[in-house]
Each structure stands twice: as C-alpha cells, then as structure tokens.
Amino acid sequence: MTALVTGAASGIGMEYALQLAGRGYALVLVDRNPDVIALAGKISASGTSARAIVCDLARDSAAGEIYDDVVSHGEKISVLINDAGEFSFRDIVDVCEERVRRIITLHNVTLTQMNRIFAKEMASYGGGYILNMSSYSIWMPFPGLSLYSASKAYIKSFSVAFAKEVREKGIYVTAVCPAGVATDLYGLSPRFQKLGLRLGVLITPEACARRALRAMFRHRRCTVPDWWNRVWIPVLTHLPDCVESLLRRKTLRFQK
C-alpha cells in the first residue's frame, strides 16, 4: 500500500505522512520545501518506505510530472492526500496577478488534475481513497478572504460531486474543512498558536489529521474536524452586513 501526500514538509501534511506511516503505508511525499527530503529520511529510518519529490505544485504541469515520477518508480497509489495550500488574507484588488494565479492553480487546477489522474489509476486496480483539504472559510465569505475562501469552496464542491462519480469504481473521496489549526499557514507566531490551543479556538495538526483520516476511511464525503465548529456554520453564513463591516474594520490591519 502506498500513499501520496502533498504539502508534506510541515503542519497537517506532515501529520498525514506520520499517521499513514503508522498505519503501514509506504509514502511518496511531495512539497516545494526541500525539508520534505529530511522527513522522508526520518520515516525511512524508522522502517517505513518513504521517498520525497521536491516540486512546486502551483504550475499547470505539476500533476502530470508527479504522476510520471510515480509511474517511473512502479508505485501504485492507493491513498492520495491533497494537502498543499497557500493562505491569503487580502482584498483581491491588492493581490498581485502572480499570487492570484498561484493560488487558483494550486488549489483548483493541480488538485483537480491530481484527482482525475490518480482516480483513473486507482480504478484500474480496484479502488482507493482521496482526501482533499478544503477549509472552514468556505462558510466565511468575508472581506479579505474572497480569493482564498472561493478557491477552497471549489474544492469542497468538486470533492462531493467527484465522490459520487467514482464511488462505483471503489474510490472514496473526502473533503476536509478544518477551522483554526495551530500551524504556520496563517502567519501566527508560536505564542499565538499556543494561546489559541489553550482557548480552544485552534486544534493541533495531529488532531486535525487524525480526525480527517478517520472520516476518509469511514467514507465520509465532507467533514469538519471539530464538532463545535459545525454549530457555528449557520451563524457565519447569515451574519448581517453591520457585523461584517465591524469585522472588516477590526481585521483590516491584518491583511497581508
């Protein structure tokens, strides 16, 4: 059994890699950060087969390159984890064209192609699992999140529909929509990450990955890793304009 994890060099992606290794999966770890090589070496030293591919996934050709690399090594991917992502909190008129292109390519183009290519391969040998990282922000279309939340909303919508298309081929697809996770994705300092964990507004990468994998192996099409965050979804989607305006005034200085 072999699992492919993108965004594996740190954070939730690293936890996916470690937890899948603990389940007995050989690993193909993909990240643009060369630190992924050290992680693969660490996992291999523990007795689990793991190798790294250093690749920038925010390119149109990335999915095909990853697939060709996997085929050249004779690997059969039975679990695909699309974790690679890039956060943006900024009014889209202030975002440079290259960053807009990168985020859409990474979150939507490459992810879609990875699903299509590897699902077709999985179907040829009986099925598999695919996990796509969406975001809780899809229920928070707030100023500053227009690009990020929309690109993540695509992932959730695509995953749920794609799950229905490939179910008869023995392939299970899950969209994961985590709220706050204590990683470097949002630019929070370690001090604020620890504070968020103590207050319960953030969860650890380990907890997020564990709950997401459990949902995937239970064939859930969409999951929010922390139950109490599900309670707030109807509230967030129906906030009045006056509240959103207040939030904008309070958070404008955090845009970057």
# chains A, B, ... in the order shown; residues from 1 in each chain; ligands from 1
>>> residues_around(residues="Ile92 in chain A", least_positions_apart="4", cutoff="8 Å", atoms="only C-alpha atoms", output="JSON, numbers by chain")
{"A": [144, 146, 147]}
>>> write_last_selection(atoms="C-alpha atoms", output="tab-separated table (two decimals), in the first residue's frame")
chain	number	residue	atom	x	y	z
A	144	GLY	CA	-10.04	39.73	2.61
A	146	SER	CA	-12.56	36.39	-1.36
A	147	LEU	CA	-9.75	34.58	-3.20
>>> select_by_dssp(residues="range 4-230 of chain A", states="alpha helix (DSSP H)", output="CSV table (one decimal) with N, CA, C and O atoms, in the first residue's frame")
chain,number,residue,atom,x,y,z
A,11,GLY,N,3.4,21.0,9.2
A,11,GLY,CA,2.0,21.1,9.5
A,11,GLY,C,1.1,19.9,9.4
A,11,GLY,O,1.5,18.8,9.7
A,12,ILE,N,-0.1,20.1,8.9
A,12,ILE,CA,-1.0,19.0,8.8
A,12,ILE,C,-0.5,17.9,7.8
A,12,ILE,O,-0.7,16.7,8.0
A,13,GLY,N,0.1,18.4,6.7
A,13,GLY,CA,0.6,17.4,5.8
A,13,GLY,C,1.7,16.5,6.4
A,13,GLY,O,1.7,15.3,6.1
A,14,MET,N,2.5,17.0,7.2
A,14,MET,CA,3.5,16.1,7.9
A,14,MET,C,2.8,15.1,8.8
A,14,MET,O,3.2,13.9,8.9
A,15,GLU,N,1.7,15.6,9.5
A,15,GLU,CA,1.0,14.7,10.3
A,15,GLU,C,0.3,13.6,9.5
A,15,GLU,O,0.2,12.4,9.9
A,16,TYR,N,-0.2,13.9,8.4
A,16,TYR,CA,-0.8,12.9,7.5
A,16,TYR,C,0.3,11.8,7.2
A,16,TYR,O,0.0,10.6,7.2
A,17,ALA,N,1.4,12.3,6.8
A,17,ALA,CA,2.5,11.4,6.5
A,17,ALA,C,2.9,10.5,7.7
A,17,ALA,O,3.0,9.2,7.5
A,18,LEU,N,3.0,11.0,8.8
A,18,LEU,CA,3.4,10.2,10.0
A,18,LEU,C,2.3,9.2,10.4
A,18,LEU,O,2.6,8.1,10.7
A,19,GLN,N,1.1,9.7,10.3
A,19,GLN,CA,0.0,8.8,10.7
A,19,GLN,C,-0.3,7.7,9.7
A,19,GLN,O,-0.6,6.6,10.1
A,20,LEU,N,-0.1,8.0,8.4
A,20,LEU,CA,-0.2,6.9,7.4
A,20,LEU,C,0.9,5.9,7.5
A,20,LEU,O,0.8,4.8,7.3
A,21,ALA,N,2.1,6.4,7.8
A,21,ALA,CA,3.3,5.5,8.1
A,21,ALA,C,2.9,4.6,9.2
A,21,ALA,O,3.2,3.4,9.2
A,22,GLY,N,2.3,5.2,10.2
A,22,GLY,CA,1.9,4.3,11.4
A,22,GLY,C,0.9,3.3,11.0
A,22,GLY,O,0.8,2.3,11.7
A,35,ASP,N,12.7,20.6,2.8
A,35,ASP,CA,12.7,19.9,4.1
A,35,ASP,C,12.0,18.6,4.0
A,35,ASP,O,12.1,17.7,4.9
A,36,VAL,N,11.2,18.4,3.0
A,36,VAL,CA,10.4,17.1,2.8
A,36,VAL,C,11.4,16.0,2.6
A,36,VAL,O,11.1,14.8,2.9
A,37,ILE,N,12.6,16.2,2.1
A,37,ILE,CA,13.6,15.2,2.0
A,37,ILE,C,14.0,14.6,3.3
A,37,ILE,O,14.2,13.4,3.5
A,38,ALA,N,14.2,15.5,4.3
A,38,ALA,CA,14.6,15.1,5.6
A,38,ALA,C,13.5,14.3,6.3
A,38,ALA,O,13.8,13.3,7.0
A,39,LEU,N,12.3,14.7,6.1
A,39,LEU,CA,11.1,14.0,6.6
A,39,LEU,C,11.1,12.6,6.1
A,39,LEU,O,10.9,11.6,6.8
A,40,ALA,N,11.3,12.4,4.8
A,40,ALA,CA,11.3,11.1,4.1
A,40,ALA,C,12.4,10.3,4.7
A,40,ALA,O,12.2,9.1,5.0
A,41,GLY,N,13.5,10.9,4.9
A,41,GLY,CA,14.7,10.1,5.5
A,41,GLY,C,14.4,9.7,6.9
A,41,GLY,O,14.7,8.5,7.3
A,42,LYS,N,13.7,10.5,7.7
A,42,LYS,CA,13.4,10.2,9.1
A,42,LYS,C,12.4,9.0,9.1
A,42,LYS,O,12.6,8.1,9.9
A,43,ILE,N,11.4,9.1,8.2
A,43,ILE,CA,10.4,8.0,8.2
A,43,ILE,C,11.0,6.7,7.7
A,43,ILE,O,10.8,5.6,8.3
A,44,SER,N,11.9,6.8,6.7
A,44,SER,CA,12.6,5.6,6.2
A,44,SER,C,13.5,5.0,7.3
A,44,SER,O,13.5,3.7,7.4
A,45,ALA,N,14.1,5.8,8.1
A,45,ALA,CA,15.0,5.3,9.2
A,45,ALA,C,14.2,4.5,10.2
A,45,ALA,O,14.7,3.7,10.9
A,62,ALA,N,2.3,20.4,-13.1
A,62,ALA,CA,2.8,19.7,-11.9
A,62,ALA,C,2.2,18.4,-11.7
A,62,ALA,O,2.9,17.4,-11.4
A,63,ALA,N,0.8,18.2,-11.8
A,63,ALA,CA,0.2,16.9,-11.6
A,63,ALA,C,0.7,15.9,-12.5
A,63,ALA,O,1.0,14.7,-12.1
A,64,GLY,N,0.9,16.2,-13.8
A,64,GLY,CA,1.4,15.3,-14.7
A,64,GLY,C,2.9,14.8,-14.4
A,64,GLY,O,3.2,13.7,-14.6
A,65,GLU,N,3.7,15.8,-13.9
A,65,GLU,CA,5.0,15.5,-13.5
A,65,GLU,C,5.1,14.5,-12.4
A,65,GLU,O,5.9,13.6,-12.3
A,66,ILE,N,4.2,14.7,-11.4
A,66,ILE,CA,4.1,13.9,-10.2
A,66,ILE,C,3.7,12.5,-10.6
A,66,ILE,O,4.3,11.5,-10.2
A,67,TYR,N,2.7,12.4,-11.5
A,67,TYR,CA,2.2,11.1,-11.9
A,67,TYR,C,3.3,10.3,-12.7
A,67,TYR,O,3.6,9.1,-12.5
A,68,ASP,N,4.0,11.0,-13.6
A,68,ASP,CA,5.1,10.4,-14.3
A,68,ASP,C,6.2,9.9,-13.4
A,68,ASP,O,6.8,8.8,-13.6
A,69,ASP,N,6.5,10.6,-12.4
A,69,ASP,CA,7.5,10.2,-11.4
A,69,ASP,C,7.1,9.0,-10.7
A,69,ASP,O,7.9,8.0,-10.5
A,70,VAL,N,5.8,8.9,-10.3
A,70,VAL,CA,5.3,7.7,-9.6
A,70,VAL,C,5.3,6.5,-10.5
A,70,VAL,O,5.7,5.4,-10.0
A,71,VAL,N,4.9,6.7,-11.7
A,71,VAL,CA,4.9,5.6,-12.6
A,71,VAL,C,6.3,5.0,-12.9
A,71,VAL,O,6.6,3.8,-12.9
A,72,SER,N,7.3,6.0,-13.0
A,72,SER,CA,8.7,5.6,-13.2
A,72,SER,C,9.2,4.7,-12.1
A,72,SER,O,10.2,4.0,-12.3
A,97,GLU,N,-1.1,39.8,-9.6
A,97,GLU,CA,-1.6,38.8,-10.5
A,97,GLU,C,-1.0,37.4,-10.3
A,97,GLU,O,-1.6,36.4,-10.4
A,98,GLU,N,0.3,37.4,-10.1
A,98,GLU,CA,1.0,36.2,-9.9
A,98,GLU,C,0.5,35.4,-8.7
A,98,GLU,O,0.4,34.1,-8.8
A,99,ARG,N,0.2,36.0,-7.6
A,99,ARG,CA,-0.3,35.3,-6.4
A,99,ARG,C,-1.7,34.8,-6.7
A,99,ARG,O,-2.0,33.7,-6.2
A,100,VAL,N,-2.5,35.5,-7.4
A,100,VAL,CA,-3.9,35.1,-7.8
A,100,VAL,C,-3.7,33.8,-8.6
A,100,VAL,O,-4.4,32.8,-8.3
A,101,ARG,N,-2.8,33.8,-9.6
A,101,ARG,CA,-2.6,32.7,-10.4
A,101,ARG,C,-2.1,31.5,-9.6
A,101,ARG,O,-2.6,30.3,-9.8
A,102,ARG,N,-1.2,31.7,-8.7
A,102,ARG,CA,-0.6,30.6,-7.9
A,102,ARG,C,-1.7,29.9,-7.1
A,102,ARG,O,-1.8,28.7,-7.1
A,103,ILE,N,-2.5,30.7,-6.4
A,103,ILE,CA,-3.5,30.1,-5.5
A,103,ILE,C,-4.5,29.3,-6.3
A,103,ILE,O,-4.9,28.2,-5.9
A,104,ILE,N,-5.0,29.9,-7.4
A,104,ILE,CA,-6.0,29.2,-8.2
A,104,ILE,C,-5.5,27.9,-8.8
A,104,ILE,O,-6.1,26.9,-8.8
A,111,LEU,N,-5.0,20.4,-8.0
A,111,LEU,CA,-5.8,19.4,-7.2
A,111,LEU,C,-6.8,18.6,-8.1
A,111,LEU,O,-6.9,17.4,-8.0
A,112,THR,N,-7.5,19.3,-9.0
A,112,THR,CA,-8.4,18.6,-9.9
A,112,THR,C,-7.7,17.6,-10.8
A,112,THR,O,-8.1,16.5,-11.0
A,113,GLN,N,-6.5,18.0,-11.3
A,113,GLN,CA,-5.8,17.1,-12.2
A,113,GLN,C,-5.2,15.9,-11.4
A,113,GLN,O,-5.2,14.7,-11.9
A,114,MET,N,-4.8,16.1,-10.1
A,114,MET,CA,-4.3,15.0,-9.3
A,114,MET,C,-5.5,14.0,-9.0
A,114,MET,O,-5.3,12.8,-9.1
A,115,ASN,N,-6.7,14.5,-8.7
A,115,ASN,CA,-7.8,13.7,-8.5
A,115,ASN,C,-8.1,12.9,-9.8
A,115,ASN,O,-8.3,11.6,-9.7
A,116,ARG,N,-8.2,13.5,-10.9
A,116,ARG,CA,-8.5,12.9,-12.2
A,116,ARG,C,-7.5,11.8,-12.5
A,116,ARG,O,-7.9,10.6,-12.8
A,117,ILE,N,-6.2,12.1,-12.5
A,117,ILE,CA,-5.2,11.2,-12.9
A,117,ILE,C,-5.1,10.0,-12.0
A,117,ILE,O,-5.1,8.8,-12.5
A,118,PHE,N,-5.0,10.3,-10.7
A,118,PHE,CA,-4.8,9.1,-9.8
A,118,PHE,C,-6.1,8.3,-9.6
A,118,PHE,O,-6.0,7.1,-9.3
A,119,ALA,N,-7.3,8.9,-9.7
A,119,ALA,CA,-8.5,8.2,-9.6
A,119,ALA,C,-8.6,7.2,-10.8
A,119,ALA,O,-9.0,6.0,-10.6
A,120,LYS,N,-8.2,7.6,-11.9
A,120,LYS,CA,-8.2,6.7,-13.1
A,120,LYS,C,-7.3,5.6,-12.9
A,120,LYS,O,-7.6,4.4,-13.2
A,121,GLU,N,-6.1,5.8,-12.3
A,121,GLU,CA,-5.2,4.8,-12.0
A,121,GLU,C,-5.7,3.8,-10.9
A,121,GLU,O,-5.6,2.6,-11.0
A,122,MET,N,-6.3,4.4,-9.8
A,122,MET,CA,-6.9,3.6,-8.8
A,122,MET,C,-7.9,2.7,-9.3
A,122,MET,O,-8.0,1.5,-8.9
A,123,ALA,N,-8.8,3.2,-10.2
A,123,ALA,CA,-9.9,2.3,-10.7
A,123,ALA,C,-9.3,1.1,-11.4
A,123,ALA,O,-10.0,0.1,-11.4
A,124,SER,N,-8.1,1.2,-12.0
A,124,SER,CA,-7.6,0.1,-12.8
A,124,SER,C,-7.1,-1.0,-11.9
A,124,SER,O,-7.0,-2.2,-12.4
A,146,SER,N,-11.8,36.7,-0.1
A,146,SER,CA,-12.6,36.4,-1.4
A,146,SER,C,-11.8,35.4,-2.2
A,146,SER,O,-12.4,34.4,-2.7
A,147,LEU,N,-10.5,35.5,-2.4
A,147,LEU,CA,-9.8,34.6,-3.2
A,147,LEU,C,-9.6,33.2,-2.5
A,147,LEU,O,-9.9,32.2,-3.1
A,148,TYR,N,-9.2,33.2,-1.3
A,148,TYR,CA,-8.9,32.0,-0.5
A,148,TYR,C,-10.2,31.2,-0.3
A,148,TYR,O,-10.2,30.0,-0.7
A,149,SER,N,-11.2,31.8,0.2
A,149,SER,CA,-12.4,31.0,0.5
A,149,SER,C,-13.1,30.5,-0.7
A,149,SER,O,-13.6,29.4,-0.7
A,150,ALA,N,-13.1,31.3,-1.8
A,150,ALA,CA,-13.7,30.8,-3.1
A,150,ALA,C,-12.9,29.6,-3.7
A,150,ALA,O,-13.5,28.7,-4.1
A,151,SER,N,-11.6,29.7,-3.6
A,151,SER,CA,-10.8,28.6,-4.1
A,151,SER,C,-11.0,27.3,-3.3
A,151,SER,O,-11.0,26.2,-3.8
A,152,LYS,N,-11.2,27.5,-2.0
A,152,LYS,CA,-11.5,26.3,-1.1
A,152,LYS,C,-12.9,25.8,-1.3
A,152,LYS,O,-13.2,24.6,-1.1
A,153,ALA,N,-13.8,26.7,-1.6
A,153,ALA,CA,-15.2,26.3,-1.8
A,153,ALA,C,-15.3,25.4,-3.0
A,153,ALA,O,-16.1,24.4,-3.1
A,154,TYR,N,-14.5,25.7,-4.0
A,154,TYR,CA,-14.4,24.8,-5.2
A,154,TYR,C,-14.0,23.4,-4.8
A,154,TYR,O,-14.6,22.4,-5.3
A,155,ILE,N,-13.0,23.3,-3.9
A,155,ILE,CA,-12.5,22.0,-3.5
A,155,ILE,C,-13.6,21.2,-2.9
A,155,ILE,O,-13.8,20.0,-3.2
A,156,LYS,N,-14.4,21.8,-2.0
A,156,LYS,CA,-15.5,21.1,-1.3
A,156,LYS,C,-16.5,20.7,-2.3
A,156,LYS,O,-17.0,19.5,-2.4
A,157,SER,N,-17.0,21.6,-3.2
A,157,SER,CA,-18.0,21.3,-4.2
A,157,SER,C,-17.5,20.2,-5.1
A,157,SER,O,-18.2,19.2,-5.4
A,158,PHE,N,-16.3,20.3,-5.6
A,158,PHE,CA,-15.7,19.3,-6.6
A,158,PHE,C,-15.6,18.0,-5.9
A,158,PHE,O,-16.0,16.9,-6.5
A,159,SER,N,-15.1,17.9,-4.7
A,159,SER,CA,-14.9,16.7,-4.0
A,159,SER,C,-16.2,15.9,-3.8
A,159,SER,O,-16.3,14.7,-4.0
A,160,VAL,N,-17.3,16.6,-3.3
A,160,VAL,CA,-18.5,15.9,-3.1
A,160,VAL,C,-19.1,15.3,-4.4
A,160,VAL,O,-19.6,14.2,-4.4
A,161,ALA,N,-19.1,16.1,-5.4
A,161,ALA,CA,-19.6,15.6,-6.7
A,161,ALA,C,-18.7,14.5,-7.3
A,161,ALA,O,-19.2,13.5,-7.8
A,162,PHE,N,-17.4,14.7,-7.2
A,162,PHE,CA,-16.5,13.7,-7.7
A,162,PHE,C,-16.6,12.4,-7.0
A,162,PHE,O,-16.5,11.3,-7.6
A,163,ALA,N,-16.9,12.5,-5.7
A,163,ALA,CA,-17.1,11.2,-4.9
A,163,ALA,C,-18.2,10.4,-5.4
A,163,ALA,O,-18.1,9.2,-5.4
A,164,LYS,N,-19.3,11.0,-5.9
A,164,LYS,CA,-20.4,10.3,-6.4
A,164,LYS,C,-20.1,9.7,-7.8
A,164,LYS,O,-20.6,8.6,-8.2
A,165,GLU,N,-19.2,10.4,-8.6
A,165,GLU,CA,-18.8,9.9,-9.9
A,165,GLU,C,-18.0,8.6,-9.8
A,165,GLU,O,-18.1,7.7,-10.6
A,166,VAL,N,-17.1,8.5,-8.8
A,166,VAL,CA,-16.1,7.4,-8.7
A,166,VAL,C,-16.5,6.4,-7.7
A,166,VAL,O,-15.7,5.4,-7.6
A,190,PRO,N,4.4,31.4,17.2
A,190,PRO,CA,4.2,30.2,18.1
A,190,PRO,C,3.4,30.6,19.4
A,190,PRO,O,2.7,29.8,19.9
A,191,ARG,N,3.7,31.8,19.9
A,191,ARG,CA,3.0,32.3,21.1
A,191,ARG,C,1.5,32.3,20.9
A,191,ARG,O,0.7,31.9,21.7
A,192,PHE,N,1.0,32.9,19.8
A,192,PHE,CA,-0.4,33.0,19.5
A,192,PHE,C,-1.0,31.6,19.2
A,192,PHE,O,-2.2,31.3,19.5
A,193,GLN,N,-0.2,30.7,18.6
A,193,GLN,CA,-0.7,29.4,18.3
A,193,GLN,C,-0.9,28.6,19.7
A,193,GLN,O,-2.0,28.0,19.8
A,194,LYS,N,0.0,28.8,20.6
A,194,LYS,CA,-0.2,28.2,21.9
A,194,LYS,C,-1.4,28.7,22.6
A,194,LYS,O,-2.2,28.0,23.3
A,195,LEU,N,-1.6,30.1,22.5
A,195,LEU,CA,-2.8,30.7,23.1
A,195,LEU,C,-4.1,30.2,22.5
A,195,LEU,O,-5.0,29.9,23.2
A,196,GLY,N,-4.1,30.1,21.2
A,196,GLY,CA,-5.3,29.6,20.5
A,196,GLY,C,-5.6,28.2,20.9
A,196,GLY,O,-6.8,27.8,21.1
A,197,LEU,N,-4.6,27.3,21.2
A,197,LEU,CA,-4.8,26.0,21.6
A,197,LEU,C,-5.4,26.0,23.0
A,197,LEU,O,-6.3,25.2,23.3
A,198,ARG,N,-4.9,26.8,23.9
A,198,ARG,CA,-5.4,26.9,25.3
A,198,ARG,C,-6.8,27.4,25.3
A,198,ARG,O,-7.6,26.9,26.1
A,199,LEU,N,-7.2,28.3,24.4
A,199,LEU,CA,-8.5,28.9,24.4
A,199,LEU,C,-9.5,27.9,23.7
A,199,LEU,O,-10.7,28.2,23.7
A,205,PRO,N,-2.3,20.1,14.6
A,205,PRO,CA,-2.2,19.4,13.3
A,205,PRO,C,-2.5,17.9,13.5
A,205,PRO,O,-3.1,17.3,12.6
A,206,GLU,N,-2.0,17.3,14.6
A,206,GLU,CA,-2.1,15.9,14.8
A,206,GLU,C,-3.6,15.5,15.0
A,206,GLU,O,-4.0,14.6,14.4
A,207,ALA,N,-4.4,16.3,15.7
A,207,ALA,CA,-5.8,16.1,15.9
A,207,ALA,C,-6.5,16.2,14.6
A,207,ALA,O,-7.4,15.4,14.2
A,208,CYS,N,-6.2,17.3,13.8
A,208,CYS,CA,-6.9,17.5,12.5
A,208,CYS,C,-6.6,16.3,11.6
A,208,CYS,O,-7.6,15.8,11.0
A,209,ALA,N,-5.4,15.9,11.5
A,209,ALA,CA,-5.1,14.8,10.5
A,209,ALA,C,-5.7,13.5,11.0
A,209,ALA,O,-6.3,12.8,10.2
A,210,ARG,N,-5.7,13.3,12.3
A,210,ARG,CA,-6.3,12.0,12.8
A,210,ARG,C,-7.8,12.0,12.5
A,210,ARG,O,-8.3,10.9,12.1
A,211,ARG,N,-8.5,13.1,12.8
A,211,ARG,CA,-10.0,13.1,12.5
A,211,ARG,C,-10.3,13.0,11.0
A,211,ARG,O,-11.3,12.4,10.6
A,212,ALA,N,-9.5,13.7,10.2
A,212,ALA,CA,-9.7,13.7,8.8
A,212,ALA,C,-9.5,12.3,8.2
A,212,ALA,O,-10.3,11.8,7.4
A,213,LEU,N,-8.4,11.6,8.6
A,213,LEU,CA,-8.2,10.3,8.1
A,213,LEU,C,-9.3,9.3,8.6
A,213,LEU,O,-9.7,8.4,7.8
A,214,ARG,N,-9.8,9.5,9.8
A,214,ARG,CA,-10.9,8.6,10.3
A,214,ARG,C,-12.1,8.8,9.4
A,214,ARG,O,-12.8,7.9,9.0
A,215,ALA,N,-12.4,10.1,9.1
A,215,ALA,CA,-13.6,10.4,8.2
A,215,ALA,C,-13.4,9.8,6.8
A,215,ALA,O,-14.3,9.2,6.2
A,216,MET,N,-12.1,9.9,6.3
A,216,MET,CA,-11.9,9.3,4.9
A,216,MET,C,-12.1,7.8,4.9
A,216,MET,O,-12.7,7.3,4.0
A,217,PHE,N,-11.5,7.1,5.9
A,217,PHE,CA,-11.6,5.7,5.9
A,217,PHE,C,-13.0,5.2,6.3
A,217,PHE,O,-13.4,4.0,6.0
A,227,TRP,N,-16.3,19.2,16.2
A,227,TRP,CA,-17.8,19.2,16.2
A,227,TRP,C,-18.4,20.6,16.5
A,227,TRP,O,-19.4,21.0,15.9
A,228,TRP,N,-17.7,21.3,17.4
A,228,TRP,CA,-18.3,22.6,17.9
A,228,TRP,C,-18.3,23.6,16.8
A,228,TRP,O,-19.1,24.6,16.7
A,229,ASN,N,-17.3,23.5,15.8
A,229,ASN,CA,-17.2,24.4,14.7
A,229,ASN,C,-18.4,24.2,13.8
A,229,ASN,O,-18.8,25.2,13.1
A,230,ARG,N,-19.0,23.0,13.7
A,230,ARG,CA,-20.2,22.8,12.9
A,230,ARG,C,-21.4,23.6,13.3
A,230,ARG,O,-22.2,24.0,12.6
>>> closest_residue(among="A:Ala84, A:Ala179, A:Ile77, A:Met1", to="Val30 in chain A", atoms="only C-alpha atoms")
A:Ala84
>>> select_by_dssp(residues="range 3-248 of chain A", states="strand (DSSP E or B)", output="VMD selection string")
chain A and resid 3 to 6 26 to 31 50 to 54 77 to 82 128 to 133 171 to 176 181 203 222 to 223
>>> write_last_selection(atoms="N, CA, C and O atoms", output="short mmCIF file (atom, residue, chain, number, x, y, z; two decimals), in the first residue's frame")
data_model
loop_
_atom_site.label_atom_id
_atom_site.label_comp_id
_atom_site.auth_asym_id
_atom_site.auth_seq_id
_atom_site.Cartn_x
_atom_site.Cartn_y
_atom_site.Cartn_z
N ALA A 3 0.83 5.60 -0.11
CA ALA A 3 0.08 6.84 0.00
C ALA A 3 0.93 7.99 -0.51
O ALA A 3 2.13 8.05 -0.25
N LEU A 4 0.30 8.91 -1.23
CA LEU A 4 0.97 10.11 -1.72
C LEU A 4 0.39 11.31 -0.97
O LEU A 4 -0.83 11.49 -0.95
N VAL A 5 1.27 12.10 -0.36
CA VAL A 5 0.84 13.26 0.42
C VAL A 5 1.50 14.51 -0.12
O VAL A 5 2.74 14.58 -0.19
N THR A 6 0.71 15.50 -0.52
CA THR A 6 1.28 16.78 -0.93
C THR A 6 1.27 17.74 0.26
O THR A 6 0.50 17.58 1.21
N ALA A 26 3.53 2.71 2.70
CA ALA A 26 4.72 3.32 2.11
C ALA A 26 4.31 4.71 1.64
O ALA A 26 3.13 4.95 1.35
N LEU A 27 5.27 5.62 1.56
CA LEU A 27 4.92 7.02 1.32
C LEU A 27 5.69 7.64 0.16
O LEU A 27 6.88 7.39 -0.03
N VAL A 28 4.96 8.49 -0.58
CA VAL A 28 5.55 9.42 -1.53
C VAL A 28 5.17 10.81 -1.03
O VAL A 28 3.99 11.14 -0.97
N LEU A 29 6.17 11.59 -0.65
CA LEU A 29 5.93 12.89 -0.02
C LEU A 29 6.32 14.01 -0.97
O LEU A 29 7.44 14.04 -1.49
N VAL A 30 5.39 14.93 -1.20
CA VAL A 30 5.60 15.99 -2.18
C VAL A 30 5.50 17.36 -1.50
O VAL A 30 4.57 17.60 -0.73
N ASP A 31 6.45 18.23 -1.79
CA ASP A 31 6.41 19.59 -1.27
C ASP A 31 7.42 20.42 -2.04
O ASP A 31 8.41 19.88 -2.54
N ALA A 50 9.77 5.46 2.42
CA ALA A 50 9.31 6.82 2.12
C ALA A 50 10.32 7.50 1.21
O ALA A 50 11.53 7.34 1.39
N ARG A 51 9.82 8.21 0.24
CA ARG A 51 10.71 9.00 -0.62
C ARG A 51 10.07 10.36 -0.87
O ARG A 51 8.85 10.54 -0.72
N ALA A 52 10.89 11.32 -1.24
CA ALA A 52 10.43 12.70 -1.40
C ALA A 52 10.52 13.15 -2.84
O ALA A 52 11.41 12.73 -3.59
N ILE A 53 9.58 14.01 -3.22
CA ILE A 53 9.63 14.70 -4.50
C ILE A 53 9.53 16.19 -4.19
O ILE A 53 8.55 16.65 -3.61
N VAL A 54 10.54 16.94 -4.55
CA VAL A 54 10.51 18.39 -4.37
C VAL A 54 9.91 18.99 -5.63
O VAL A 54 10.49 18.88 -6.72
N ILE A 77 -0.55 4.05 -6.17
CA ILE A 77 -1.06 4.91 -5.11
C ILE A 77 -2.48 4.48 -4.74
O ILE A 77 -3.39 4.52 -5.57
N SER A 78 -2.66 4.07 -3.49
CA SER A 78 -4.00 3.68 -3.02
C SER A 78 -4.63 4.75 -2.13
O SER A 78 -5.85 4.72 -1.90
N VAL A 79 -3.81 5.69 -1.64
CA VAL A 79 -4.33 6.83 -0.87
C VAL A 79 -3.66 8.09 -1.38
O VAL A 79 -2.42 8.17 -1.45
N LEU A 80 -4.47 9.07 -1.75
CA LEU A 80 -3.97 10.36 -2.22
C LEU A 80 -4.44 11.45 -1.27
O LEU A 80 -5.65 11.63 -1.07
N ILE A 81 -3.51 12.18 -0.68
CA ILE A 81 -3.84 13.28 0.23
C ILE A 81 -3.39 14.58 -0.42
O ILE A 81 -2.19 14.84 -0.56
N ASN A 82 -4.35 15.42 -0.83
CA ASN A 82 -4.03 16.73 -1.41
C ASN A 82 -4.11 17.79 -0.32
O ASN A 82 -5.15 18.39 -0.07
N GLY A 128 -9.54 3.01 -4.15
CA GLY A 128 -8.62 3.72 -3.27
C GLY A 128 -9.33 4.85 -2.55
O GLY A 128 -10.57 4.96 -2.58
N TYR A 129 -8.52 5.71 -1.92
CA TYR A 129 -9.05 6.83 -1.15
C TYR A 129 -8.37 8.12 -1.57
O TYR A 129 -7.17 8.15 -1.83
N ILE A 130 -9.18 9.19 -1.62
CA ILE A 130 -8.66 10.52 -1.92
C ILE A 130 -9.18 11.50 -0.86
O ILE A 130 -10.38 11.53 -0.57
N LEU A 131 -8.28 12.28 -0.29
CA LEU A 131 -8.65 13.31 0.68
C LEU A 131 -8.19 14.66 0.15
O LEU A 131 -7.01 14.83 -0.18
N ASN A 132 -9.13 15.60 0.06
CA ASN A 132 -8.83 16.95 -0.43
C ASN A 132 -9.07 17.96 0.69
O ASN A 132 -10.15 17.98 1.30
N MET A 133 -8.08 18.81 0.94
CA MET A 133 -8.19 19.79 2.02
C MET A 133 -8.91 21.05 1.54
O MET A 133 -8.37 21.85 0.78
N ILE A 171 -13.71 3.96 -5.33
CA ILE A 171 -12.88 5.08 -4.87
C ILE A 171 -13.73 5.98 -3.96
O ILE A 171 -14.85 6.35 -4.31
N TYR A 172 -13.16 6.32 -2.81
CA TYR A 172 -13.86 7.17 -1.85
C TYR A 172 -13.14 8.51 -1.74
O TYR A 172 -11.92 8.55 -1.53
N VAL A 173 -13.89 9.60 -1.90
CA VAL A 173 -13.33 10.95 -1.88
C VAL A 173 -13.90 11.72 -0.71
O VAL A 173 -15.12 11.73 -0.50
N THR A 174 -13.04 12.39 0.03
CA THR A 174 -13.45 13.16 1.21
C THR A 174 -12.90 14.57 1.15
O THR A 174 -11.71 14.76 0.90
N ALA A 175 -13.77 15.55 1.38
CA ALA A 175 -13.34 16.94 1.55
C ALA A 175 -13.26 17.24 3.03
O ALA A 175 -14.19 16.96 3.78
N VAL A 176 -12.15 17.81 3.47
CA VAL A 176 -11.95 18.16 4.88
C VAL A 176 -11.96 19.69 5.00
O VAL A 176 -11.24 20.37 4.28
N VAL A 181 -6.26 25.79 12.82
CA VAL A 181 -5.30 24.74 13.17
C VAL A 181 -3.98 25.43 13.51
O VAL A 181 -3.59 26.40 12.86
N ILE A 203 -6.98 23.80 16.89
CA ILE A 203 -6.68 22.41 17.21
C ILE A 203 -5.28 22.09 16.69
O ILE A 203 -4.74 22.81 15.85
N CYS A 222 -17.69 14.70 3.24
CA CYS A 222 -17.27 16.01 3.74
C CYS A 222 -17.25 15.97 5.25
O CYS A 222 -18.16 15.39 5.87
N THR A 223 -16.23 16.57 5.84
CA THR A 223 -16.15 16.58 7.30
C THR A 223 -15.53 17.88 7.80
O THR A 223 -14.65 18.45 7.15
#
>>> closest_residue(among="A:Arg218, A:Arg32, A:Arg59, A:Lys169", to="Val109 in chain A", atoms="only C-alpha atoms")
A:Arg59
